[in-house]
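Structure file start33.txt (compact mmCIF, C-alpha atoms) follows.
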# COMPACT_ATOMS: atom_id res chain seq x y z
CA MET A 1 0.00 0.00 0.00
CA GLU A 2 0.99 3.67 -0.18
CA ARG A 3 1.95 3.46 3.50
CA VAL A 4 5.01 1.38 2.58
CA LEU A 5 6.19 3.90 0.01
CA VAL A 6 6.04 7.01 2.23
CA LYS A 7 9.05 7.52 4.51
CA LYS A 8 9.10 9.76 7.57
CA ARG A 9 11.33 12.76 6.99
CA PRO A 10 13.90 13.71 9.70
CA TYR A 11 12.70 17.25 10.49
CA LYS A 12 13.97 17.22 14.09
CA LYS A 13 17.52 16.23 13.06
CA PHE A 14 17.37 18.82 10.29
CA PHE A 15 16.50 21.69 12.65
CA VAL A 16 18.77 20.72 15.60
CA PHE A 17 21.88 20.18 13.49
CA GLY A 18 20.97 23.08 11.21
CA ILE A 19 21.01 25.48 14.16
CA LEU A 20 24.22 23.97 15.57
CA SER A 21 25.95 24.12 12.18
CA THR A 22 24.93 27.75 11.62
CA THR A 23 26.27 28.66 15.09
CA LEU A 24 29.63 26.97 14.42
CA TYR A 25 30.07 28.75 11.10
CA TYR A 26 29.03 32.08 12.64
CA LEU A 27 31.75 31.64 15.29
CA LEU A 28 34.31 30.72 12.63
CA ILE A 29 33.54 33.81 10.53
CA THR A 30 33.56 36.19 13.51
CA HIS A 31 36.78 34.82 15.06
CA GLN A 32 38.96 34.52 11.95
CA GLU A 33 42.03 36.21 13.46
CA LEU A 34 42.09 33.89 16.47
CA VAL A 35 41.64 30.84 14.22
CA LYS A 36 44.49 31.95 11.95
CA GLU A 37 46.76 32.40 14.95
CA LEU A 38 45.96 29.00 16.44
CA CYS A 39 46.44 27.25 13.08
CA SER A 40 49.84 28.78 12.37
CA LYS A 41 51.31 27.88 15.77
CA GLY A 42 51.90 24.23 14.90
CA LYS A 43 53.20 21.56 17.34
CA TRP A 44 50.48 20.45 19.78
CA TYR A 45 48.24 23.25 18.53
CA ALA A 46 47.80 20.86 15.56
CA LEU A 47 45.02 19.31 17.63
CA PHE A 48 42.98 22.50 17.16
CA PRO A 49 42.39 22.14 13.38
CA ILE A 50 41.99 18.37 13.68
CA ILE A 51 39.36 18.54 16.44
CA THR A 52 37.65 21.47 14.69
CA ALA A 53 37.46 19.42 11.50
CA PHE A 54 35.85 16.51 13.35
CA VAL A 55 33.30 18.65 15.22
CA PHE A 56 32.27 20.55 12.08
CA SER A 57 32.07 17.33 10.06
CA PHE A 58 29.90 15.61 12.64
CA VAL A 59 27.48 18.51 13.08
CA HIS A 60 27.37 19.67 9.47
CA GLY A 61 27.43 16.08 8.17
CA ASN A 62 24.31 15.24 10.15
CA PHE A 63 22.65 18.43 8.96
CA THR A 64 23.35 17.80 5.27
CA ASP A 65 22.30 14.16 5.61
CA ALA A 66 18.94 15.26 7.02
CA PHE A 67 18.77 18.09 4.46
CA TRP A 68 18.58 15.79 1.42
CA SER A 69 16.20 13.41 3.20
CA VAL A 70 13.89 16.31 4.08
CA LEU A 71 13.94 17.27 0.39
CA GLY A 72 13.03 13.66 -0.47
CA ILE A 73 16.24 12.82 -2.32
CA GLU A 74 17.11 9.27 -1.29
CA PRO A 75 19.34 6.49 -2.66
CA LYS A 76 17.80 4.07 -5.10
CA LYS A 77 16.45 0.94 -3.43
CA LYS A 78 17.95 -2.35 -4.61
CA ARG A 79 15.52 -4.48 -6.59
CA LYS A 80 15.92 -8.08 -7.53
CA GLU A 81 14.49 -8.04 -11.02
CA VAL A 82 16.94 -7.41 -13.88
CA LYS A 83 15.94 -5.68 -17.09
CA MET B 27 61.56 24.20 12.20
CA VAL B 28 59.41 24.56 9.12
CA GLY B 29 56.48 25.70 11.27
CA GLU B 30 58.50 28.64 12.57
CA VAL B 31 59.30 29.79 9.05
CA LEU B 32 55.62 30.02 8.25
CA THR B 33 53.90 33.18 9.34
CA GLN B 34 50.28 34.17 9.28
CA THR B 35 50.83 35.95 5.98
CA HIS B 36 50.65 32.53 4.34
CA PHE B 37 47.00 32.42 5.30
CA VAL B 38 44.98 34.55 2.89
CA ASP B 39 42.32 37.02 4.05
CA LEU B 40 38.80 35.80 3.48
CA GLY B 41 36.01 38.24 2.62
CA ILE B 42 32.43 37.31 1.80
CA ILE B 43 33.22 36.76 -1.93
CA GLN B 44 36.09 34.40 -1.14
CA ILE B 45 33.93 32.52 1.39
CA LEU B 46 31.07 32.10 -1.13
CA TYR B 47 33.55 30.96 -3.80
CA LEU B 48 35.00 28.37 -1.40
CA ILE B 49 31.52 27.09 -0.55
CA PHE B 50 30.62 26.73 -4.24
CA VAL B 51 33.93 25.05 -5.07
CA GLY B 52 33.39 22.77 -2.08
CA PHE B 53 29.90 21.83 -3.26
CA VAL B 54 31.07 20.82 -6.73
CA GLY B 55 34.18 19.10 -5.36
CA GLY B 56 32.02 17.20 -2.88
CA LEU B 57 29.49 16.26 -5.53
CA VAL B 58 32.18 14.84 -7.76
CA SER B 59 34.03 13.17 -4.89
CA GLY B 60 30.92 11.48 -3.51
CA PHE B 61 30.29 10.27 -7.03
CA ILE B 62 33.72 8.99 -8.04
CA GLY B 63 35.19 8.43 -4.57
CA SER B 64 38.50 10.10 -5.21
CA GLY B 65 38.28 13.05 -2.89
CA GLY B 66 37.36 15.60 -5.49
CA ALA B 67 40.38 17.44 -4.16
CA PHE B 68 41.77 17.55 -7.68
CA VAL B 69 39.33 20.37 -8.32
CA LEU B 70 39.67 21.81 -4.79
CA THR B 71 43.47 22.12 -4.58
CA PRO B 72 43.80 24.03 -7.88
CA SER B 73 40.74 26.15 -7.05
CA MET B 74 42.28 27.21 -3.74
CA MET B 75 45.59 27.89 -5.48
CA SER B 76 43.79 30.09 -8.00
CA MET B 77 42.68 32.24 -5.00
CA GLY B 78 46.34 32.86 -4.17
CA VAL B 79 46.74 30.16 -1.52
CA PRO B 80 50.27 28.63 -1.70
CA GLY B 81 50.40 25.03 -2.99
CA LEU B 82 51.44 23.51 0.32
CA VAL B 83 48.76 25.29 2.39
CA ALA B 84 46.14 24.31 -0.25
CA VAL B 85 47.17 20.64 -0.08
CA ALA B 86 47.34 20.63 3.74
CA SER B 87 43.99 22.40 4.25
CA ASN B 88 42.37 20.21 1.63
CA MET B 89 43.53 17.08 3.32
CA CYS B 90 42.17 18.33 6.64
CA HIS B 91 38.70 19.00 5.23
CA LYS B 92 38.76 15.71 3.39
CA PHE B 93 39.38 13.07 6.00
CA PRO B 94 36.29 13.62 8.19
CA LYS B 95 34.27 13.95 4.98
CA ALA B 96 35.73 10.67 3.72
CA LEU B 97 34.49 9.09 6.95
CA VAL B 98 30.97 10.43 6.34
CA GLY B 99 31.08 9.18 2.74
CA ALA B 100 32.49 5.78 3.75
CA ILE B 101 29.76 5.21 6.35
CA LYS B 102 27.08 6.25 3.88
CA ARG B 103 28.36 3.97 1.11
CA ALA B 104 28.94 1.11 3.56
CA ARG B 105 25.16 1.23 4.05
CA PHE B 106 24.78 0.67 0.30
CA GLY B 107 27.08 -2.35 0.65
CA GLN B 108 29.83 -0.82 -1.52
CA VAL B 109 32.74 -0.66 0.98
CA ASP B 110 35.43 -3.34 1.44
CA VAL B 111 36.61 -2.34 4.93
CA LYS B 112 39.43 -4.89 5.03
CA LEU B 113 40.93 -3.71 1.74
CA GLY B 114 40.47 -0.08 2.83
CA LEU B 115 42.26 -0.53 6.15
CA ILE B 116 45.15 -2.56 4.72
CA MET B 117 45.71 -0.11 1.86
CA GLY B 118 45.16 2.79 4.29
CA ALA B 119 47.94 1.64 6.63
CA SER B 120 50.53 1.54 3.84
CA ALA B 121 49.16 4.81 2.44
CA GLU B 122 49.90 6.40 5.82
CA ALA B 123 53.60 5.63 5.34
CA GLY B 124 53.42 7.13 1.86
CA VAL B 125 51.83 10.30 3.24
CA MET B 126 54.66 10.78 5.74
CA VAL B 127 57.33 10.50 3.04
CA GLY B 128 55.37 12.73 0.63
CA ALA B 129 54.83 15.39 3.30
CA HIS B 130 58.55 15.51 4.07
CA ILE B 131 59.31 16.10 0.38
CA GLN B 132 56.68 18.89 0.25
CA GLU B 133 58.08 20.64 3.31
CA TYR B 134 61.62 20.35 1.94
CA ILE B 135 60.63 21.93 -1.39
CA LYS B 136 58.81 24.75 0.39
CA ARG B 137 61.86 25.43 2.56
CA MET B 138 64.24 25.44 -0.40
CA TRP B 139 62.24 27.20 -3.14
CA GLY B 140 59.36 28.94 -1.35
CA ASP B 141 55.73 29.23 -2.46
CA ALA B 142 56.44 29.27 -6.21
CA GLY B 143 58.53 26.10 -5.93
CA SER B 144 55.83 24.42 -3.92
CA SER B 145 53.10 25.43 -6.37
CA LEU B 146 55.21 24.31 -9.35
CA TYR B 147 55.82 20.93 -7.73
CA VAL B 148 52.10 20.44 -6.99
CA SER B 149 51.05 21.54 -10.51
CA PHE B 150 53.68 19.40 -12.21
CA ALA B 151 52.53 16.35 -10.25
CA PHE B 152 48.94 17.14 -11.29
CA VAL B 153 49.84 17.31 -14.99
CA ILE B 154 51.80 14.03 -14.99
CA VAL B 155 49.25 12.04 -13.02
CA LEU B 156 46.15 13.48 -14.67
CA SER B 157 47.40 12.88 -18.21
CA ILE B 158 48.15 9.22 -17.54
CA VAL B 159 45.18 8.32 -15.37
CA GLY B 160 42.62 10.55 -17.14
CA THR B 161 43.33 9.13 -20.60
CA TYR B 162 43.33 5.53 -19.39
CA VAL B 163 40.11 5.87 -17.38
CA LEU B 164 38.29 7.59 -20.25
CA LEU B 165 39.39 5.03 -22.84
CA ASP B 166 38.34 2.22 -20.54
CA ALA B 167 34.95 3.84 -19.87
CA PHE B 168 34.11 3.94 -23.58
CA LYS B 169 35.39 0.40 -24.07
CA THR B 170 33.21 -0.89 -21.22
CA LYS B 171 30.23 1.01 -22.58
CA ASN B 172 30.66 -0.30 -26.13
CA VAL B 173 31.33 -3.91 -25.16
CA ASN B 174 28.32 -4.58 -22.95
CA GLY B 175 26.27 -1.40 -22.77
CA GLY B 176 27.73 -0.67 -19.35
CA GLY B 177 25.84 -3.44 -17.60
CA GLU B 178 26.89 -3.66 -13.98
CA GLU B 179 27.22 -7.43 -13.99
CA PHE B 180 30.00 -7.50 -16.57
CA GLU B 181 31.90 -4.33 -15.93
CA LYS B 182 34.89 -5.89 -14.23
CA PRO B 183 37.96 -5.44 -16.44
CA ASP B 184 39.92 -8.62 -16.86
CA ASN B 185 43.35 -7.77 -18.19
CA ARG B 186 46.62 -9.64 -18.04
CA ILE B 187 47.81 -7.77 -14.96
CA ILE B 188 44.70 -8.71 -12.98
CA ARG B 189 45.01 -12.36 -14.03
CA PHE B 190 48.67 -12.37 -12.96
CA ILE B 191 47.94 -10.72 -9.59
CA HIS B 192 45.10 -13.18 -8.92
CA SER B 193 47.34 -16.14 -9.75
CA LEU B 194 50.19 -14.90 -7.54
CA ARG B 195 50.60 -17.02 -4.39
CA ILE B 196 53.07 -15.84 -1.74
CA PRO B 197 52.65 -17.95 1.41
CA GLY B 198 51.96 -16.00 4.59
CA THR B 199 50.90 -12.84 2.76
CA MET B 200 47.60 -13.91 1.23
CA VAL B 201 44.45 -12.08 2.36
CA TYR B 202 40.90 -12.63 1.13
CA PHE B 203 39.17 -9.41 -0.03
CA PRO B 204 35.37 -9.63 -0.32
CA SER B 205 35.11 -6.90 -2.98
CA ILE B 206 37.43 -8.83 -5.29
CA GLY B 207 36.23 -12.28 -4.26
CA LYS B 208 39.78 -13.63 -4.30
CA GLU B 209 42.88 -13.92 -2.15
CA ILE B 210 45.55 -11.34 -2.96
CA SER B 211 49.07 -10.99 -1.52
CA ILE B 212 49.49 -7.90 0.67
CA LEU B 213 52.91 -7.52 -0.96
CA VAL B 214 50.89 -6.27 -3.95
CA THR B 215 48.63 -3.94 -1.98
CA ILE B 216 51.43 -2.36 0.11
CA PRO B 217 53.22 -0.56 -2.77
CA LEU B 218 49.86 0.49 -4.22
CA GLY B 219 48.84 1.95 -0.84
CA PHE B 220 52.23 3.63 -0.42
CA ALA B 221 51.98 5.28 -3.84
CA THR B 222 48.41 6.39 -3.02
CA GLY B 223 49.68 8.06 0.16
CA MET B 224 52.64 9.70 -1.57
CA LEU B 225 50.32 11.23 -4.11
CA ALA B 226 47.85 12.31 -1.44
CA ALA B 227 50.58 14.23 0.36
CA THR B 228 51.64 15.82 -2.94
CA ILE B 229 48.34 16.90 -4.52
CA ALA B 230 45.79 15.91 -1.81
CA VAL B 231 44.27 13.33 -4.15
CA GLY B 232 45.43 9.81 -3.42
CA GLY B 233 42.37 8.43 -5.16
CA PHE B 234 43.97 8.91 -8.56
CA ILE B 235 46.24 6.00 -7.79
CA GLY B 236 44.03 4.27 -5.22
CA VAL B 237 40.87 3.86 -7.29
CA PRO B 238 42.40 2.89 -10.68
CA SER B 239 44.88 0.53 -9.01
CA MET B 240 42.07 -1.27 -7.19
CA ILE B 241 40.13 -1.55 -10.46
CA TYR B 242 42.88 -2.28 -13.00
CA ILE B 243 45.47 -4.09 -10.88
CA LEU B 244 43.53 -5.78 -8.08
CA GLY B 245 40.37 -6.32 -10.16
CA ALA B 246 37.78 -4.75 -7.84
CA PRO B 247 34.50 -3.45 -9.37
CA ALA B 248 34.61 0.34 -9.95
CA LEU B 249 31.74 1.14 -7.57
CA LYS B 250 33.35 -0.80 -4.72
CA ALA B 251 36.81 0.56 -5.49
CA SER B 252 35.57 4.16 -5.33
CA ALA B 253 33.72 3.46 -2.05
CA THR B 254 36.71 1.67 -0.49
CA GLU B 255 38.93 4.60 -1.46
CA LEU B 256 36.97 6.67 1.09
CA VAL B 257 38.25 4.39 3.88
CA ILE B 258 41.83 4.82 2.62
CA ALA B 259 41.32 8.58 2.33
CA PHE B 260 40.12 8.73 5.92
CA VAL B 261 43.00 6.70 7.37
CA MET B 262 45.77 8.51 5.50
CA GLY B 263 44.04 11.89 5.61
CA ALA B 264 43.88 11.86 9.41
CA GLY B 265 47.61 11.14 9.72
CA GLY B 266 48.64 13.49 6.94
CA SER B 267 46.54 16.37 8.25
CA PHE B 268 48.07 16.02 11.71
CA LYS B 269 51.56 16.05 10.20
CA TYR B 270 50.86 19.22 8.20
CA ALA B 271 49.01 20.86 11.13
CA TRP B 272 52.01 20.09 13.36
CA SER B 273 54.06 22.34 11.06
CA GLY B 274 51.33 25.01 10.97
CA PHE B 275 50.29 24.58 7.34
CA VAL B 276 46.58 23.84 7.79
CA ASP B 277 44.31 26.86 7.35
CA ILE B 278 41.20 25.45 9.01
CA ARG B 279 39.06 28.33 7.73
CA LEU B 280 39.69 27.28 4.12
CA ALA B 281 39.07 23.66 5.08
CA MET B 282 35.78 24.36 6.87
CA PHE B 283 34.28 26.64 4.21
CA ILE B 284 35.11 24.01 1.60
CA LEU B 285 33.51 21.47 3.92
CA LEU B 286 30.36 23.59 4.23
CA GLY B 287 29.66 23.16 0.53
CA SER B 288 31.23 19.79 0.03
CA LEU B 289 29.19 17.90 2.63
CA PHE B 290 26.04 18.94 0.77
CA GLY B 291 27.71 17.74 -2.41
CA VAL B 292 29.26 14.52 -1.15
CA GLN B 293 25.94 13.20 0.18
CA LEU B 294 24.22 14.02 -3.09
CA GLY B 295 27.07 12.49 -5.11
CA ALA B 296 26.96 9.29 -3.05
CA ILE B 297 23.20 9.07 -3.60
CA GLY B 298 23.91 9.63 -7.30
CA THR B 299 26.08 6.50 -7.55
CA THR B 300 23.05 4.33 -6.78
CA TYR B 301 21.27 5.65 -9.89
CA VAL B 302 23.95 5.28 -12.57
CA LYS B 303 25.82 2.56 -14.37
CA ASP B 304 29.45 1.91 -13.59
CA TYR B 305 30.91 3.27 -16.83
CA MET B 306 29.26 6.65 -16.17
CA ILE B 307 31.45 7.12 -13.07
CA LYS B 308 34.54 6.50 -15.21
CA ILE B 309 33.41 8.99 -17.87
CA VAL B 310 32.90 11.71 -15.24
CA MET B 311 36.26 10.95 -13.67
CA GLY B 312 38.19 10.95 -16.98
CA THR B 313 36.54 14.08 -18.39
CA ILE B 314 37.17 16.22 -15.31
CA MET B 315 40.74 14.95 -14.98
CA LEU B 316 41.64 16.07 -18.49
CA ILE B 317 40.07 19.54 -18.05
CA VAL B 318 41.89 20.11 -14.72
CA LEU B 319 45.10 18.92 -16.40
CA ALA B 320 44.79 21.73 -18.95
CA SER B 321 44.16 24.26 -16.17
CA ARG B 322 47.26 23.25 -14.19
CA GLY B 323 49.41 22.97 -17.31
CA LEU B 324 48.67 26.62 -18.13
CA MET B 325 50.10 27.71 -14.76
CA ILE B 326 53.44 25.88 -15.06
CA PRO B 327 55.12 28.62 -17.17
CA VAL B 328 53.96 31.20 -14.58
CA TYR B 329 55.62 29.33 -11.69
CA LEU B 330 58.77 28.76 -13.77
CA HIS B 331 58.86 32.50 -14.42
CA GLN B 332 58.50 33.25 -10.70
CA LEU B 333 61.41 30.90 -9.97
CA ASN B 334 63.41 32.53 -12.78
CA VAL B 335 63.95 29.20 -14.54
CA TRP B 336 63.82 28.88 -18.37
CA VAL B 337 60.71 30.99 -18.88
CA HIS B 338 60.41 34.78 -18.85
CA LEU B 339 56.94 36.20 -19.28
CA THR B 340 55.55 39.70 -19.54
CA PRO B 341 53.11 40.81 -16.79
CA GLU B 342 50.26 40.74 -19.38
CA MET B 343 51.04 37.15 -20.30
CA ILE B 344 51.09 36.13 -16.63
CA LYS B 345 47.72 37.80 -16.07
CA TRP B 346 46.32 36.17 -19.19
CA LEU B 347 47.58 32.68 -18.26
CA LYS B 348 46.26 32.98 -14.70
CA GLY B 349 42.84 34.07 -15.96
CA LEU B 350 42.66 31.31 -18.55
CA SER B 351 43.77 28.68 -16.03
CA PHE B 352 41.07 29.87 -13.61
CA ALA B 353 38.41 29.78 -16.35
CA VAL B 354 39.38 26.27 -17.48
CA ASN B 355 39.34 25.09 -13.87
CA PHE B 356 35.90 26.62 -13.41
CA THR B 357 34.73 24.79 -16.55
CA ALA B 358 35.86 21.51 -14.98
CA LEU B 359 33.74 22.32 -11.91
CA LEU B 360 30.68 23.07 -14.03
CA VAL B 361 31.12 20.00 -16.26
CA GLY B 362 31.37 17.76 -13.18
CA CYS B 363 28.34 19.44 -11.64
CA PHE B 364 26.19 19.05 -14.77
CA ILE B 365 27.11 15.41 -15.46
CA VAL B 366 26.49 14.24 -11.87
CA LEU B 367 23.32 16.28 -11.31
CA GLY B 368 22.02 15.28 -14.75
CA ALA B 369 22.53 11.58 -14.00
CA LEU B 370 20.94 12.00 -10.58
CA ILE B 371 17.84 13.85 -11.81
CA LYS B 372 17.31 11.34 -14.63
CA GLY B 373 17.73 8.42 -12.20
CA ILE B 374 15.34 9.88 -9.62
CA LYS B 375 12.69 10.55 -12.29
CA GLU B 376 12.90 6.95 -13.51
CA GLU B 377 12.76 5.66 -9.94
CA ARG B 378 9.70 7.76 -9.08
CA ALA B 379 7.94 6.66 -12.26
CA TYR B 380 8.67 3.06 -11.29
CA LEU B 381 7.36 3.58 -7.73
CA ARG B 382 4.17 5.20 -9.06
CA LYS B 383 3.66 2.25 -11.38
CA GLU B 384 4.23 -0.18 -8.51
CA ALA B 385 1.79 1.67 -6.22
CA LEU B 386 -0.81 1.57 -8.98
CA ARG B 387 -0.22 -2.14 -9.57
CA ILE B 388 -0.56 -2.94 -5.84
CA ALA B 389 -3.74 -0.85 -5.62
CA GLU B 390 -5.19 -2.69 -8.63
CA GLU B 391 -4.31 -6.08 -7.12
CA LYS B 392 -5.98 -5.10 -3.83
CA ALA B 393 -9.07 -3.93 -5.70
CA LEU B 394 -9.23 -7.23 -7.60
CA GLU B 395 -8.84 -9.19 -4.33
CA ARG B 396 -11.87 -7.41 -2.91
CA PHE B 397 -14.05 -8.79 -5.67

Would you encode the structure as structure tokens?
Amino acid sequence: MERVLVKKRPYKKFFVFGILSTTLYYLLITHQELVKELCSKGKWYALFPIITAFVFSFVHGNFTDAFWSVLGIEPKKKRKEVK
Amino acid sequence: MVGEVLTQTHFVDLGIIQILYLIFVGFVGGLVSGFIGSGGAFVLTPSMMSMGVPGLVAVASNMCHKFPKALVGAIKRARFGQVDVKLGLIMGASAEAGVMVGAHIQEYIKRMWGDAGSSLYVSFAFVIVLSIVGTYVLLDAFKTKNVNGGGEEFEKPDNRIIRFIHSLRIPGTMVYFPSIGKEISILVTIPLGFATGMLAATIAVGGFIGVPSMIYILGAPALKASATELVIAFVMGAGGSFKYAWSGFVDIRLAMFILLGSLFGVQLGAIGTTYVKDYMIKIVMGTIMLIVLASRGLMIPVYLHQLNVWVHLTPEMIKWLKGLSFAVNFTALLVGCFIVLGALIKGIKEERAYLRKEALRIAEEKALERF
């Protein structure tokens, strides 16, 4: 039935991670000088860009994942029959 | 220390235009990389360099944006059953060693010949690798398409090298890889992984060696090879990024703005792979490679001029070459964008038409049952 074909869209994930992602990017844009300084220091400060990359990827990754699902763009389902 | 030599002046200033450009470049790079599995950094590194970012900072920042993204892509494609984790981890470990060696060479060149030397080295590596791999991939794509219409069941190339590698038996080194369906000696995968890492540290795109070598030497199907490359990219990218960040070469702002666009793209590109035939991925890969090759090739005389070696150009010629290189690079971005989005839209339309037909069929069956 149609019930099987309609999938619930992840609106909650979309909004929560959307807000978090926007906040992170706002902070990055407004604190560019500090970020530049921390990145150029090197040595153990190397952890700063690495951790930043992970945090942004997690938050923004979840947001973009939900984004395409909310728009209804999903991977093709595998079917057994061959043309 | 190399890190002490570097000052903040190596990090460019970013205004709103530069940020928007990075986001767009990231989106297209992500779209292409999710689709072909080879990082997409081959459009990102040159695009950053065209903004005035030195070659080494572009490679380092690119690598740093790429490895968490590769993780996202790998998890996503593992859900589609396309990832060979064992092959990815084994190749990734040897790629890590390659990254360390490659990064040392990069830092040495930067120390000896400055930004122009570094950019020349990166561009030269691009031209060599892209001309070889791009031509081969494109020729193979058309061959696969013509032989069997690109059917997924028969796409596996079976050349003499693959047959030899599959027949090779070295006791104590044999490992079974599910994506290939055969046992292969790790003495074969180690140099391939090492070369992948070396290239990743040089141009931030290890996938140019990783993906084709898995397809044409190990005999893995293209879809699985491109998905497994994401595991390798994550493993070596994490190590390589830390190494570059340790020396202060990673501009995380560049990396994160690229990431902003590219995560939208990479998810869409990965979804796109489920809608297209295997040869299509190769056509996209080959076409973009050859366009980027032209773009980088145009910049080589400019870097040689800056280093005062062989070539002497007038300021007008330098301006003209830079502009043309930027335009050609931009064309590569647009071509990639159109091919992937086109394939995706066509695939989704067909899928929706199929689902509508199915829903109608089920409804009709139910109606008949009622009578």

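Within 7 Å of chain B, and counting all atoms listed in the file, chain A contributes Met1, Glu2, Lys36, Glu37, Cys39, Ser40, Lys41, Gly42, Lys43, Trp44, Ala46, Pro49, Ile50, Ala53, Phe54, Ser57, Gly61, Thr64, Asp65, Glu74, Pro75 and Lys76 of chain A.
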
| Hey, what's within 10 Å of segment 243-253 of chain B if we count all atoms listed in the file and toss same-chain stuff fewer than 5 positions away? As a ChimeraX atom specification, please? | /B:59-65,96,99-104,106-111,113-114,178-192,203-208,210,214-215,218,233,236-238,258,296,299-300,303-305,307-308

| field | Length of the atom CA of Pro80 of chain B to atom CA of Ser145 of chain B vector [Å] | value |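 These two atoms are separated by 6.3 Å.
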
| Separation of atom CA of Met325 of chain B from atom CA of Val79 of chain B in Å |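 Atom CA of Met325 of chain B lies 13.9 Å from atom CA of Val79 of chain B.
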
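Take atom CA of Ile309 of chain B and atom CA of Leu256 of chain B: the distance between them is 19.4 Å.
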
| remark: Closest of B:Met77, B:Ile314, B:Leu82, B:Leu46 to Lys348 of chain B, counting only C-alpha atoms, is B:Met77

| Residue nearest Gln32 of chain A among B:Ala86, B:Leu359, B:Leu280, B:Tyr380 (counting only C-alpha atoms) |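 Selected residue with least distance to Gln32 of chain A: B:Leu280.
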